[in-house]
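As stored in coords-v5.tsv (TSV, C-alpha atoms and all ligand atoms):
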chain	number	residue	atom	x	y	z
A	1	MET	CA	3.12	25.49	-1.61
A	2	ILE	CA	2.21	22.11	-3.13
A	3	VAL	CA	5.29	19.92	-3.20
A	4	SER	CA	5.14	18.25	-6.57
A	5	ALA	CA	8.87	17.69	-6.95
A	6	THR	CA	8.88	13.99	-7.68
A	7	ARG	CA	11.17	12.77	-10.44
A	8	SER	CA	9.94	11.51	-13.79
A	9	PRO	CA	10.27	7.76	-14.53
A	10	GLU	CA	13.26	8.49	-16.77
A	11	GLU	CA	15.00	10.60	-14.10
A	12	LEU	CA	14.46	7.93	-11.45
A	13	ALA	CA	15.74	5.22	-13.78
A	14	ALA	CA	18.84	7.25	-14.67
A	15	ALA	CA	19.55	7.86	-10.97
A	16	ALA	CA	19.23	4.12	-10.22
A	17	ARG	CA	21.55	3.23	-13.10
A	18	GLU	CA	24.15	5.72	-11.90
A	19	PHE	CA	23.85	4.42	-8.34
A	20	LEU	CA	24.41	0.84	-9.47
A	21	THR	CA	27.38	1.49	-11.72
A	22	ALA	CA	29.04	3.80	-9.16
A	23	HIS	CA	28.97	1.10	-6.46
A	24	THR	CA	29.68	-2.03	-8.46
A	25	PRO	CA	32.92	-1.20	-10.30
A	26	ASP	CA	33.96	-4.84	-9.80
A	27	SER	CA	31.06	-5.79	-12.06
A	28	ALA	CA	31.82	-3.07	-14.62
A	29	ALA	CA	33.51	-5.58	-16.88
A	30	SER	CA	30.53	-7.93	-16.61
A	31	SER	CA	29.08	-8.93	-19.94
A	32	GLU	CA	25.61	-8.62	-18.41
A	33	SER	CA	23.99	-5.34	-19.34
A	34	VAL	CA	22.17	-3.12	-16.86
A	35	GLY	CA	18.43	-2.53	-17.26
A	36	THR	CA	16.05	-0.26	-15.36
A	37	TRP	CA	12.53	-0.89	-14.09
A	38	LEU	CA	9.98	1.24	-12.28
A	39	ALA	CA	7.03	0.63	-9.98
A	40	PRO	CA	4.67	3.32	-8.64
A	41	GLY	CA	3.31	3.69	-5.12
A	42	ARG	CA	-0.46	3.71	-4.65
A	43	VAL	CA	-3.23	5.71	-3.04
A	44	ASN	CA	-6.43	3.99	-2.04
A	45	LEU	CA	-9.38	6.23	-2.91
A	46	ILE	CA	-11.71	4.22	-0.68
A	47	GLY	CA	-11.99	0.69	0.77
A	48	ASP	CA	-9.39	0.42	3.56
A	49	HIS	CA	-8.87	-2.49	5.93
A	50	VAL	CA	-11.11	-4.74	3.87
A	51	ASP	CA	-8.66	-6.41	1.46
A	52	TYR	CA	-7.96	-9.14	4.04
A	53	ALA	CA	-11.71	-9.43	4.71
A	54	PHE	CA	-13.15	-10.35	1.29
A	55	GLY	CA	-13.87	-6.68	0.64
A	56	VAL	CA	-13.66	-4.19	-2.22
A	57	CYS	CA	-10.92	-1.54	-2.64
A	58	LEU	CA	-10.43	1.25	-5.16
A	59	PRO	CA	-6.76	2.26	-5.46
A	60	PHE	CA	-4.69	3.79	-8.23
A	61	ALA	CA	-0.94	3.80	-8.94
A	62	THR	CA	0.73	7.17	-8.22
A	63	THR	CA	3.24	9.49	-9.86
A	64	MET	CA	5.56	8.85	-6.89
A	65	ALA	CA	7.56	5.77	-7.87
A	66	THR	CA	10.55	3.52	-7.16
A	67	ALA	CA	13.19	2.64	-9.76
A	68	VAL	CA	15.52	-0.33	-9.77
A	69	ALA	CA	18.64	-0.79	-11.90
A	70	ALA	CA	19.75	-4.40	-12.17
A	71	ARG	CA	22.00	-6.86	-13.94
A	72	LYS	CA	22.28	-10.63	-13.65
A	73	ARG	CA	25.15	-12.31	-11.81
A	74	ASP	CA	26.05	-15.93	-12.20
A	75	ASP	CA	27.19	-16.67	-8.63
A	76	GLY	CA	23.73	-16.89	-7.05
A	77	VAL	CA	24.33	-13.81	-4.90
A	78	LEU	CA	21.96	-10.89	-4.55
A	79	ARG	CA	23.83	-7.64	-4.02
A	80	MET	CA	21.41	-4.90	-2.94
A	81	LEU	CA	22.07	-1.17	-2.80
A	82	SER	CA	19.69	1.38	-1.35
A	83	GLN	CA	19.60	4.44	0.87
A	84	SER	CA	18.17	4.84	4.35
A	85	PRO	CA	15.67	7.71	4.85
A	86	ASN	CA	18.50	9.85	6.30
A	87	GLY	CA	20.69	9.28	3.27
A	88	GLU	CA	23.02	6.54	4.52
A	89	LEU	CA	24.22	3.97	2.00
A	90	LEU	CA	22.67	0.54	2.50
A	91	ASP	CA	24.76	-2.21	0.89
A	92	ALA	CA	23.98	-5.88	1.52
A	93	SER	CA	24.70	-9.21	-0.12
A	94	VAL	CA	22.60	-12.32	0.38
A	95	PRO	CA	23.44	-15.69	-1.22
A	96	LEU	CA	20.15	-17.12	-2.49
A	97	ALA	CA	21.24	-20.53	-1.15
A	98	ASP	CA	20.99	-19.07	2.39
A	99	LEU	CA	17.36	-18.25	1.69
A	100	ASP	CA	16.73	-21.78	0.42
A	101	ALA	CA	17.99	-23.06	3.75
A	102	ALA	CA	15.98	-20.57	5.81
A	103	VAL	CA	12.74	-21.18	3.92
A	104	ASN	CA	13.10	-24.97	4.00
A	105	ALA	CA	14.05	-25.15	7.69
A	106	ALA	CA	11.61	-27.27	9.66
A	107	ASP	CA	10.96	-24.39	12.07
A	108	ALA	CA	10.70	-21.65	9.40
A	109	GLN	CA	8.48	-18.79	10.63
A	110	PRO	CA	7.33	-15.58	8.90
A	111	GLY	CA	9.95	-12.85	9.24
A	112	ILE	CA	13.10	-14.61	8.04
A	113	LEU	CA	14.56	-11.32	6.73
A	114	PRO	CA	12.51	-8.65	8.49
A	115	ASP	CA	14.02	-5.45	7.05
A	116	TRP	CA	14.53	-3.69	3.69
A	117	ARG	CA	16.47	-6.68	2.33
A	118	GLY	CA	13.47	-8.97	2.81
A	119	TYR	CA	11.32	-7.03	0.32
A	120	ILE	CA	13.98	-7.42	-2.36
A	121	ALA	CA	15.45	-10.82	-1.63
A	122	GLY	CA	12.05	-12.27	-0.75
A	123	THR	CA	10.63	-11.24	-4.12
A	124	VAL	CA	13.60	-12.61	-6.09
A	125	HIS	CA	13.57	-15.86	-4.15
A	126	ALA	CA	9.79	-16.31	-4.30
A	127	LEU	CA	9.95	-15.85	-8.08
A	128	GLY	CA	12.72	-18.45	-8.38
A	129	ALA	CA	15.10	-16.01	-10.11
A	130	GLY	CA	18.91	-16.09	-9.77
A	131	GLY	CA	21.63	-13.71	-8.58
A	132	MET	CA	21.63	-10.00	-9.39
A	133	ASP	CA	23.27	-6.67	-8.66
A	134	LEU	CA	20.45	-4.31	-7.84
A	135	ALA	CA	20.22	-0.60	-6.90
A	136	VAL	CA	17.09	1.18	-5.67
A	137	VAL	CA	16.11	4.85	-5.92
A	138	SER	CA	12.70	5.96	-4.68
A	139	ASP	CA	10.41	8.98	-4.45
A	140	VAL	CA	7.74	7.06	-2.54
A	141	PRO	CA	8.11	8.28	1.05
A	142	LEU	CA	8.80	5.37	3.45
A	143	GLY	CA	6.26	4.42	6.10
A	144	SER	CA	3.79	6.95	4.71
A	145	GLY	CA	0.88	4.67	3.78
A	146	LEU	CA	1.68	5.07	0.08
A	147	SER	CA	3.01	1.52	-0.49
A	148	SER	CA	6.72	2.12	-0.57
A	149	SER	CA	7.14	-1.59	0.22
A	150	ALA	CA	4.95	-2.80	-2.64
A	151	ALA	CA	6.67	-0.35	-5.02
A	152	LEU	CA	10.03	-1.85	-4.05
A	153	GLU	CA	8.83	-5.46	-4.29
A	154	CYS	CA	7.13	-4.94	-7.64
A	155	ALA	CA	10.02	-2.98	-9.23
A	156	VAL	CA	12.34	-5.82	-8.20
A	157	GLY	CA	9.77	-8.37	-9.35
A	158	VAL	CA	9.48	-7.03	-12.90
A	159	ALA	CA	13.28	-6.70	-13.09
A	160	ALA	CA	13.78	-10.34	-12.06
A	161	ARG	CA	11.01	-11.52	-14.37
A	162	ASP	CA	12.57	-9.77	-17.38
A	163	LEU	CA	16.24	-10.51	-16.65
A	164	TYR	CA	15.61	-14.20	-16.07
A	165	GLU	CA	12.89	-14.44	-18.74
A	166	LEU	CA	10.61	-16.14	-16.23
A	167	GLY	CA	7.39	-15.54	-18.16
A	168	THR	CA	5.58	-15.04	-14.82
A	169	SER	CA	1.97	-13.82	-15.17
A	170	ASP	CA	0.93	-10.62	-13.39
A	171	GLU	CA	-1.16	-12.73	-11.07
A	172	ASP	CA	1.82	-14.86	-10.07
A	173	LEU	CA	3.99	-11.77	-9.76
A	174	ILE	CA	1.47	-10.31	-7.32
A	175	ALA	CA	1.47	-13.58	-5.36
A	176	ALA	CA	5.30	-13.61	-5.18
A	177	THR	CA	5.52	-9.97	-4.03
A	178	MET	CA	2.84	-10.61	-1.40
A	179	ARG	CA	4.81	-13.61	-0.18
A	180	ALA	CA	7.92	-11.42	0.12
A	181	GLU	CA	5.98	-9.11	2.42
A	182	ASN	CA	3.97	-11.71	4.37
A	183	PHE	CA	6.54	-14.45	4.75
A	184	TYR	CA	10.07	-13.11	4.20
A	185	VAL	CA	9.53	-9.72	5.90
A	186	GLY	CA	6.72	-10.98	8.13
A	187	ALA	CA	4.15	-8.18	7.69
A	188	ASN	CA	0.70	-9.75	7.57
A	189	THR	CA	-0.79	-7.34	5.01
A	190	GLY	CA	-3.46	-8.04	2.35
A	191	GLY	CA	-3.29	-7.82	-1.44
A	192	LEU	CA	-4.40	-4.24	-2.04
A	193	ASP	CA	-0.99	-2.69	-2.55
A	194	GLN	CA	0.65	-5.21	-4.87
A	195	ASN	CA	-2.46	-5.43	-7.05
A	196	ALA	CA	-2.58	-1.66	-7.43
A	197	VAL	CA	1.14	-1.37	-8.15
A	198	VAL	CA	1.24	-4.15	-10.75
A	199	ARG	CA	-2.13	-3.59	-12.44
A	200	GLY	CA	-2.16	0.24	-12.37
A	201	ARG	CA	-3.15	1.94	-15.60
A	202	ALA	CA	-2.80	5.65	-16.46
A	203	GLY	CA	-6.17	7.39	-16.18
A	204	PHE	CA	-7.87	4.48	-14.37
A	205	ALA	CA	-8.58	3.43	-10.81
A	206	LEU	CA	-8.67	-0.28	-10.07
A	207	ALA	CA	-11.79	-1.80	-8.50
A	208	LEU	CA	-10.59	-4.90	-6.65
A	209	ASP	CA	-13.08	-7.40	-5.30
A	210	PHE	CA	-11.37	-9.86	-2.95
A	211	LEU	CA	-14.47	-12.03	-2.58
A	212	GLU	CA	-15.07	-12.51	-6.28
A	213	ASP	CA	-11.32	-12.35	-7.04
A	214	THR	CA	-11.92	-9.83	-9.83
A	215	HIS	CA	-10.38	-6.52	-10.88
A	216	GLU	CA	-11.86	-3.86	-13.10
A	217	GLN	CA	-10.29	-0.72	-14.57
A	218	VAL	CA	-12.57	2.27	-13.85
A	219	PRO	CA	-11.95	5.58	-15.70
A	220	CYS	CA	-10.60	8.07	-13.18
A	221	GLY	CA	-9.49	11.19	-15.05
A	222	LEU	CA	-11.15	13.34	-12.36
A	223	GLU	CA	-11.49	16.23	-14.82
A	224	GLY	CA	-11.71	19.53	-12.97
A	225	TYR	CA	-10.39	18.01	-9.74
A	226	THR	CA	-6.96	17.52	-8.18
A	227	LEU	CA	-6.16	14.69	-5.80
A	228	LEU	CA	-3.82	15.88	-3.08
A	229	VAL	CA	-1.80	13.38	-1.07
A	230	VAL	CA	-0.85	14.69	2.35
A	231	ASP	CA	2.00	12.73	3.95
A	232	SER	CA	1.69	13.54	7.65
A	233	ARG	CA	5.29	12.45	8.30
A	234	VAL	CA	3.93	10.50	11.26
A	235	GLU	CA	5.48	7.10	10.47
A	236	HIS	CA	3.85	3.73	10.82
A	237	SER	CA	4.98	0.12	10.49
A	238	HIS	CA	2.79	-2.80	9.48
A	239	ALA	CA	5.23	-5.47	10.59
A	240	THR	CA	4.28	-4.81	14.20
A	241	GLY	CA	1.51	-3.79	16.53
A	242	GLU	CA	-1.82	-2.27	15.70
A	243	TYR	CA	-2.23	-3.38	12.09
A	244	SER	CA	-1.81	-7.03	13.04
A	245	SER	CA	-4.11	-6.66	16.03
A	246	ARG	CA	-6.91	-5.27	13.79
A	247	ARG	CA	-6.34	-7.97	11.23
A	248	GLY	CA	-6.04	-10.69	13.89
A	249	LEU	CA	-9.54	-10.00	15.18
A	250	ILE	CA	-11.04	-9.95	11.67
A	251	ASP	CA	-9.27	-13.21	10.76
A	252	ALA	CA	-10.52	-14.82	13.98
A	253	THR	CA	-14.08	-13.62	13.28
A	254	ALA	CA	-13.99	-14.97	9.72
A	255	ALA	CA	-12.66	-18.33	10.93
A	256	ALA	CA	-15.25	-18.66	13.72
A	257	LEU	CA	-18.28	-17.53	11.72
A	258	SER	CA	-17.29	-18.63	8.19
A	259	CYS	CA	-18.50	-15.24	7.04
A	260	THR	CA	-17.62	-12.82	4.23
A	261	PHE	CA	-18.60	-9.67	6.19
A	262	ARG	CA	-21.20	-8.86	3.51
A	263	GLU	CA	-24.03	-10.62	5.40
A	264	ASN	CA	-26.60	-8.14	6.72
A	265	ASP	CA	-26.61	-9.69	10.20
A	266	ILE	CA	-22.85	-10.05	10.51
A	267	VAL	CA	-22.38	-7.32	13.14
A	268	GLU	CA	-24.90	-8.87	15.55
A	269	ARG	CA	-23.55	-12.37	14.94
A	270	ALA	CA	-20.02	-11.20	15.69
A	271	VAL	CA	-21.11	-9.49	18.92
A	272	THR	CA	-22.90	-12.65	20.09
A	273	TRP	CA	-19.85	-14.76	19.28
A	274	ALA	CA	-17.48	-12.39	21.11
A	275	THR	CA	-19.80	-12.37	24.14
A	276	ASP	CA	-20.00	-16.16	24.27
A	277	HIS	CA	-16.34	-16.86	23.39
A	278	PRO	CA	-14.20	-13.97	24.69
A	279	GLU	CA	-11.00	-16.02	24.38
A	280	ASP	CA	-11.65	-16.73	20.67
A	281	ALA	CA	-12.26	-13.00	20.15
A	282	LEU	CA	-8.70	-12.49	21.45
A	283	GLY	CA	-9.98	-10.75	24.56
A	284	ASN	CA	-11.68	-7.94	22.64
A	285	ASP	CA	-14.70	-6.44	24.36
A	286	PRO	CA	-17.90	-7.29	22.41
A	287	GLU	CA	-18.51	-3.58	21.84
A	288	VAL	CA	-15.06	-3.26	20.27
A	289	VAL	CA	-15.87	-6.26	18.08
A	290	ARG	CA	-19.11	-4.51	17.07
A	291	ARG	CA	-17.22	-1.44	15.87
A	292	ARG	CA	-14.46	-3.34	14.07
A	293	VAL	CA	-16.86	-5.61	12.18
A	294	ARG	CA	-19.24	-2.71	11.46
A	295	HIS	CA	-16.35	-0.91	9.76
A	296	VAL	CA	-15.48	-3.88	7.55
A	297	HIS	CA	-19.13	-4.47	6.60
A	298	SER	CA	-19.97	-0.83	5.90
A	299	GLU	CA	-16.69	-0.04	4.11
A	300	THR	CA	-17.22	-2.68	1.45
A	301	ALA	CA	-20.82	-1.50	0.88
A	302	ARG	CA	-19.55	2.11	0.59
A	303	THR	CA	-16.80	1.16	-1.81
A	304	ILE	CA	-19.20	-0.68	-4.10
A	305	GLU	CA	-21.37	2.46	-4.09
A	306	ALA	CA	-18.31	4.65	-4.72
A	307	VAL	CA	-17.30	2.61	-7.77
A	308	GLU	CA	-20.75	3.27	-9.23
A	309	ALA	CA	-20.53	6.99	-8.37
A	310	LEU	CA	-17.16	7.24	-10.11
A	311	LYS	CA	-18.48	5.46	-13.18
A	312	ALA	CA	-21.43	7.89	-13.25
A	313	GLY	CA	-19.09	10.87	-12.85
A	314	ASP	CA	-20.87	11.87	-9.62
A	315	ILE	CA	-17.85	13.30	-7.82
A	316	GLU	CA	-19.85	15.05	-5.08
A	317	HIS	CA	-21.39	11.71	-4.10
A	318	PHE	CA	-17.99	10.05	-4.34
A	319	GLY	CA	-16.57	12.72	-2.00
A	320	ARG	CA	-19.30	12.14	0.58
A	321	LEU	CA	-18.51	8.42	0.59
A	322	MET	CA	-14.81	9.24	1.12
A	323	ASN	CA	-15.83	11.32	4.15
A	324	ASP	CA	-18.02	8.50	5.53
A	325	SER	CA	-15.17	6.04	5.05
A	326	HIS	CA	-12.86	8.28	7.03
A	327	ALA	CA	-15.38	8.56	9.87
A	328	SER	CA	-15.70	4.77	9.99
A	329	LEU	CA	-11.91	4.29	10.07
A	330	ARG	CA	-11.64	6.91	12.82
A	331	ASP	CA	-14.57	5.94	15.05
A	332	ASP	CA	-15.06	2.22	14.41
A	333	TYR	CA	-11.62	1.00	13.32
A	334	GLU	CA	-9.70	3.59	15.36
A	335	ILE	CA	-6.67	4.00	13.10
A	336	VAL	CA	-6.62	7.81	12.65
A	337	PRO	CA	-4.09	9.79	14.71
A	338	ASP	CA	-4.76	13.47	15.52
A	339	ALA	CA	-2.31	14.84	12.95
A	340	LEU	CA	-4.22	13.12	10.15
A	341	GLU	CA	-7.62	14.10	11.54
A	342	THR	CA	-6.45	17.73	11.57
A	343	ALA	CA	-5.36	17.52	7.91
A	344	VAL	CA	-8.68	15.97	6.86
A	345	ARG	CA	-10.76	18.59	8.67
A	346	ALA	CA	-8.70	21.43	7.27
A	347	ALA	CA	-9.04	20.08	3.73
A	348	ARG	CA	-12.82	19.86	3.98
A	349	ALA	CA	-13.16	23.27	5.62
A	350	ALA	CA	-11.16	24.79	2.74
A	351	GLY	CA	-13.38	23.19	0.07
A	352	ALA	CA	-12.30	19.59	-0.60
A	353	VAL	CA	-15.28	17.53	-1.78
A	354	GLY	CA	-13.92	14.51	0.10
A	355	ALA	CA	-10.97	13.81	2.39
A	356	ARG	CA	-9.87	10.68	4.20
A	357	ILE	CA	-7.01	8.66	5.56
A	358	THR	CA	-5.55	6.27	2.96
A	359	GLY	CA	-3.81	2.92	3.48
A	360	GLY	CA	-3.04	1.15	6.72
A	361	GLY	CA	-3.27	4.14	9.08
A	362	PHE	CA	-1.80	4.75	12.56
A	363	GLY	CA	0.19	7.48	10.79
A	364	GLY	CA	0.93	7.82	7.09
A	365	SER	CA	-1.12	9.84	4.63
A	366	THR	CA	-4.49	11.38	3.94
A	367	ILE	CA	-5.94	12.31	0.55
A	368	ALA	CA	-8.14	15.25	-0.40
A	369	LEU	CA	-10.20	15.44	-3.57
A	370	CYS	CA	-10.19	19.14	-4.44
A	371	PRO	CA	-11.76	21.32	-7.12
A	372	ALA	CA	-8.64	21.96	-9.24
A	373	ASP	CA	-8.77	25.74	-8.80
A	374	ARG	CA	-8.88	25.34	-4.98
A	375	ALA	CA	-6.07	22.80	-4.61
A	376	GLU	CA	-3.30	25.32	-3.79
A	377	ALA	CA	-5.45	27.12	-1.24
A	378	ILE	CA	-6.52	23.83	0.34
A	379	ALA	CA	-2.88	22.70	0.60
A	380	THR	CA	-2.00	25.99	2.30
A	381	THR	CA	-4.85	25.62	4.78
A	382	ILE	CA	-3.77	22.05	5.63
A	383	ILE	CA	-0.23	23.18	6.39
A	384	GLU	CA	-1.45	26.09	8.52
A	385	ALA	CA	-3.76	23.79	10.48
A	386	THR	CA	-1.16	21.08	11.14
A	387	ASP	CA	1.45	23.68	12.11
A	388	LYS	CA	-1.03	25.26	14.51
A	389	GLY	CA	-1.78	21.83	16.01
A	390	GLY	CA	1.94	21.34	16.70
A	391	PHE	CA	2.23	18.39	14.27
A	392	PRO	CA	5.06	17.80	11.78
A	393	THR	CA	4.67	19.87	8.59
A	394	PRO	CA	3.20	17.47	6.03
A	395	ALA	CA	4.60	16.91	2.54
A	396	ILE	CA	1.86	17.50	-0.03
A	397	TYR	CA	1.79	16.03	-3.52
A	398	ALA	CA	-0.67	16.35	-6.38
A	399	THR	CA	-1.05	12.98	-8.03
A	400	SER	CA	-3.04	11.16	-10.71
A	401	ALA	CA	-3.49	7.57	-11.89
A	402	GLN	CA	-0.39	6.12	-13.60
A	403	ASP	CA	0.75	2.91	-15.25
A	404	GLY	CA	1.90	0.03	-13.05
A	405	ALA	CA	5.25	-1.73	-12.69
A	406	ARG	CA	7.25	-1.87	-15.94
A	407	LYS	CA	10.61	-1.60	-17.69
A	408	VAL	CA	11.78	1.95	-18.43
B	501	LIG	C1	-1.82	-1.57	4.12
B	501	LIG	C2	-1.77	-3.04	3.71
B	501	LIG	C3	-2.91	-3.37	2.75
B	501	LIG	C4	-4.25	-2.90	3.29
B	501	LIG	C5	-4.16	-1.46	3.76
B	501	LIG	C6	-5.43	-0.98	4.40
B	501	LIG	O1	-1.55	-0.77	3.03
B	501	LIG	O2	-0.54	-3.32	3.09
B	501	LIG	O3	-2.91	-4.75	2.50
B	501	LIG	O4	-4.71	-3.74	4.30
B	501	LIG	O5	-3.09	-1.26	4.65
B	501	LIG	O6	-6.45	-0.92	3.48

Let me see the structure of the file written as C-alpha cells.
Amino acid sequence: MIVSATRSPEELAAAAREFLTAHTPDSAASSESVGTWLAPGRVNLIGDHVDYAFGVCLPFATTMATAVAARKRDDGVLRMLSQSPNGELLDASVPLADLDAAVNAADAQPGILPDWRGYIAGTVHALGAGGMDLAVVSDVPLGSGLSSSAALECAVGVAARDLYELGTSDEDLIAATMRAENFYVGANTGGLDQNAVVRGRAGFALALDFLEDTHEQVPCGLEGYTLLVVDSRVEHSHATGEYSSRRGLIDATAAALSCTFRENDIVERAVTWATDHPEDALGNDPEVVRRRVRHVHSETARTIEAVEALKAGDIEHFGRLMNDSHASLRDDYEIVPDALETAVRAARAAGAVGARITGGGFGGSTIALCPADRAEAIATTIIEATDKGGFPTPAIYATSAQDGARKV
C-alpha cells in the first residue's frame, strides 16, 4: 500500500541525461561534456510558518529528489527542458542578456519570470553563471509542500556552480536560490526550503535558527520508527493568495513592533497595536492577529523543545509536540484543509506517535511518525479515511534524512 517507488539518485540522473541528449541533438557535437546533479525535496518535522519570523525550523532532505543534466554553452542562452505534471514537454530558451535587462530596469518588480523557467533561469542569473543546456527530471511531487521548487533551484544551482567553477559558498548558493524564488518567480517565501535542500545530511535533521542565523545537524535516525509523507494531492501555490497574506501580516507586525516574536508579551502587544492601528494591521481583526501571532510565538518555543526531545531520543515527547504544532497551524494559523486534517486524524487513530501538516499548507502534505511495524497499517487507514471523506487518494511515501544538493 505504501508508495515508495521513487527513483534512486543514479536512476534520476540517468533519466535526466537521456532527456537532455535526446532533445539537444544540435549540441551533440559540442565539446562540452554533460554532467548530472541532484537535489532532494524536504519535509519539515516541526517549525512551520516561522522561518520568515525569526523562528526555528527542523527539516530534513528527503529521498524524493530532482535531477538536472547540464552542459555549458558559449552563446549566453539558457535552454531549459522539463515536463509538465501531465507529461507534456516543456522546452524554453532564455538569453541571459534579457534577464540582465529585466533585472536592471528602473521599474523592475518581483515576478519577472513567474513560472517554471524563473526557478531555473533566476538561479543561474543570480549566481552570475553563463549559458547552459539543461534538462530536469523529478520525483518530488509539484505543489505538494515538499519543496519541489527548492529542489529544482538547488539542483540547477549546484550544476551552475560546478560547470562555471564559481566557487560559491553554500551560504551564497542558498541566497541565490532564494532570490530566484523571491525575486525572479515572485513567491515571497522564507529560507527554510533552500537551507534544508542544500545543507541536508543523511541521518540528520537540520535545526535552523533564523534569529541567531545558525544551523545545527541533529541525529535523526529515528530507529524503530518510519516517517510517512502523505501527499494529499490537493495542490497549493505560494506565489499567490493565502501564503502571502499570512506572511504580510507577520511582516507588518515585525516592522511596527520591532519584535522577534520570542518576547513573552508579544501576543498582547500585537493585539493592542492591531486595535489601535487597524490599517497598519492590513485590516485584520485584532482577534485574528492574536491567533496568527500566537502561532508564530508558540511554534518557535515548541520547535526548540522538539530539538531537545530529538537529541534526547524522546520520540513520544517529540510526537506530542508535532501534534501541538498541527493544532496551532489549524486553529491559529488556519492553513489546514479538511483533506489534510482527515489524514492526520486517521494516522493518529491508527497509532502514529505524531502527525502534522508540513510546509506551507493550504493543501500539500502531512507527515506521520509511525512505529515501524505499524507504518503499513497506518498508511492503509489514511487511505481508507480520505477515500471515505471523498478526498483525492493521497500518495504515501516512506522517507528518511538524505544528503543535500550534489553532483551525481
Ligand atoms: C513554504 C515556504 C517556506 C516556509 C514554509 C512554511 O515551504 O517556502 O519558506 O515558510 O512554507 O514553514

Return as a CSV table (one decimal) with C-alpha atoms, keeping the file's coordinate frame the residues of protein, DNA or RNA that approach ligand LIG 501 (chain B) to within 9 Å, with only C-alpha atoms and all ligand atoms taken into account.
chain,number,residue,atom,x,y,z
A,42,ARG,CA,-0.5,3.7,-4.6
A,44,ASN,CA,-6.4,4.0,-2.0
A,46,ILE,CA,-11.7,4.2,-0.7
A,47,GLY,CA,-12.0,0.7,0.8
A,48,ASP,CA,-9.4,0.4,3.6
A,49,HIS,CA,-8.9,-2.5,5.9
A,50,VAL,CA,-11.1,-4.7,3.9
A,51,ASP,CA,-8.7,-6.4,1.5
A,52,TYR,CA,-8.0,-9.1,4.0
A,57,CYS,CA,-10.9,-1.5,-2.6
A,145,GLY,CA,0.9,4.7,3.8
A,146,LEU,CA,1.7,5.1,0.1
A,147,SER,CA,3.0,1.5,-0.5
A,149,SER,CA,7.1,-1.6,0.2
A,150,ALA,CA,5.0,-2.8,-2.6
A,181,GLU,CA,6.0,-9.1,2.4
A,187,ALA,CA,4.2,-8.2,7.7
A,188,ASN,CA,0.7,-9.8,7.6
A,189,THR,CA,-0.8,-7.3,5.0
A,190,GLY,CA,-3.5,-8.0,2.4
A,191,GLY,CA,-3.3,-7.8,-1.4
A,192,LEU,CA,-4.4,-4.2,-2.0
A,193,ASP,CA,-1.0,-2.7,-2.6
A,194,GLN,CA,0.6,-5.2,-4.9
A,238,HIS,CA,2.8,-2.8,9.5
A,243,TYR,CA,-2.2,-3.4,12.1
A,247,ARG,CA,-6.3,-8.0,11.2
A,358,THR,CA,-5.6,6.3,3.0
A,359,GLY,CA,-3.8,2.9,3.5
A,360,GLY,CA,-3.0,1.2,6.7
A,361,GLY,CA,-3.3,4.1,9.1

Which residue out of A:Asp373, A:Glu32, A:Asp324, A:Glu263 has the minimum interatomic distance to A:Gly131 when all atoms listed in the file are used? A:Glu32

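With only C-alpha atoms as the atoms that count, the minimum distance from A:Glu212 to the choices A:Thr168, A:Ser138, A:Thr275, A:Thr260 is reached by A:Thr260.
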
When you look at stretch 106-116 of chain A with a cut-off of 12 Å (counting all atoms listed in the file), what residues show up, excluding the ones that are within fewer than 3 positions of it in the same chain? I need them as a ChimeraX atom specification. /A:80-85,90-92,94,98-103,119-123,125,136,142-143,148-150,152-153,179-188,237-240

Output for the residues just chosen: C-alpha atoms as a tab-separated table (two decimals), keeping the file's coordinate frame:
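Output saved as again_39.tsv:
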chain	number	residue	atom	x	y	z
A	80	MET	CA	21.41	-4.90	-2.94
A	81	LEU	CA	22.07	-1.17	-2.80
A	82	SER	CA	19.69	1.38	-1.35
A	83	GLN	CA	19.60	4.44	0.87
A	84	SER	CA	18.17	4.84	4.35
A	85	PRO	CA	15.67	7.71	4.85
A	90	LEU	CA	22.67	0.54	2.50
A	91	ASP	CA	24.76	-2.21	0.89
A	92	ALA	CA	23.98	-5.88	1.52
A	94	VAL	CA	22.60	-12.32	0.38
A	98	ASP	CA	20.99	-19.07	2.39
A	99	LEU	CA	17.36	-18.25	1.69
A	100	ASP	CA	16.73	-21.78	0.42
A	101	ALA	CA	17.99	-23.06	3.75
A	102	ALA	CA	15.98	-20.57	5.81
A	103	VAL	CA	12.74	-21.18	3.92
A	119	TYR	CA	11.32	-7.03	0.32
A	120	ILE	CA	13.98	-7.42	-2.36
A	121	ALA	CA	15.45	-10.82	-1.63
A	122	GLY	CA	12.05	-12.27	-0.75
A	123	THR	CA	10.63	-11.24	-4.12
A	125	HIS	CA	13.57	-15.86	-4.15
A	136	VAL	CA	17.09	1.18	-5.67
A	142	LEU	CA	8.80	5.37	3.45
A	143	GLY	CA	6.26	4.42	6.10
A	148	SER	CA	6.72	2.12	-0.57
A	149	SER	CA	7.14	-1.59	0.22
A	150	ALA	CA	4.95	-2.80	-2.64
A	152	LEU	CA	10.03	-1.85	-4.05
A	153	GLU	CA	8.83	-5.46	-4.29
A	179	ARG	CA	4.81	-13.61	-0.18
A	180	ALA	CA	7.92	-11.42	0.12
A	181	GLU	CA	5.98	-9.11	2.42
A	182	ASN	CA	3.97	-11.71	4.37
A	183	PHE	CA	6.54	-14.45	4.75
A	184	TYR	CA	10.07	-13.11	4.20
A	185	VAL	CA	9.53	-9.72	5.90
A	186	GLY	CA	6.72	-10.98	8.13
A	187	ALA	CA	4.15	-8.18	7.69
A	188	ASN	CA	0.70	-9.75	7.57
A	237	SER	CA	4.98	0.12	10.49
A	238	HIS	CA	2.79	-2.80	9.48
A	239	ALA	CA	5.23	-5.47	10.59
A	240	THR	CA	4.28	-4.81	14.20

Using only C-alpha atoms, collect all residues at a distance of at most 12 Å from (-9.0, -9.6, 10.8) as written in the file, then present them as an MDAnalysis selection string. chainID A and resid 49:55 188:190 242:256 259:261 281:282 289 292:293 295:296 333

Under the rule that all atoms listed in the file are counted, which of A:Ala355, A:Ile383, A:Val229, A:Ala5 is the nearest residue to A:Glu316? A:Ala355

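Taking atom CA of A:Thr381 and atom CA of A:Ser144 as the two end points, the separation is 20.6 Å.
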
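When atom CA of A:Glu305 is paired with atom CA of A:Asn195, their separation reads 20.7 Å.
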
Between A:Thr66, A:Thr380, A:Gln402, A:Thr300, which is the closest to A:Gly221 once you count all atoms listed in the file? A:Gln402

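Across A:Ala67, A:Thr386, A:Ala151, A:Ala126, the tightest approach to A:Gly41 is made by A:Ala151 when counting all atoms listed in the file.
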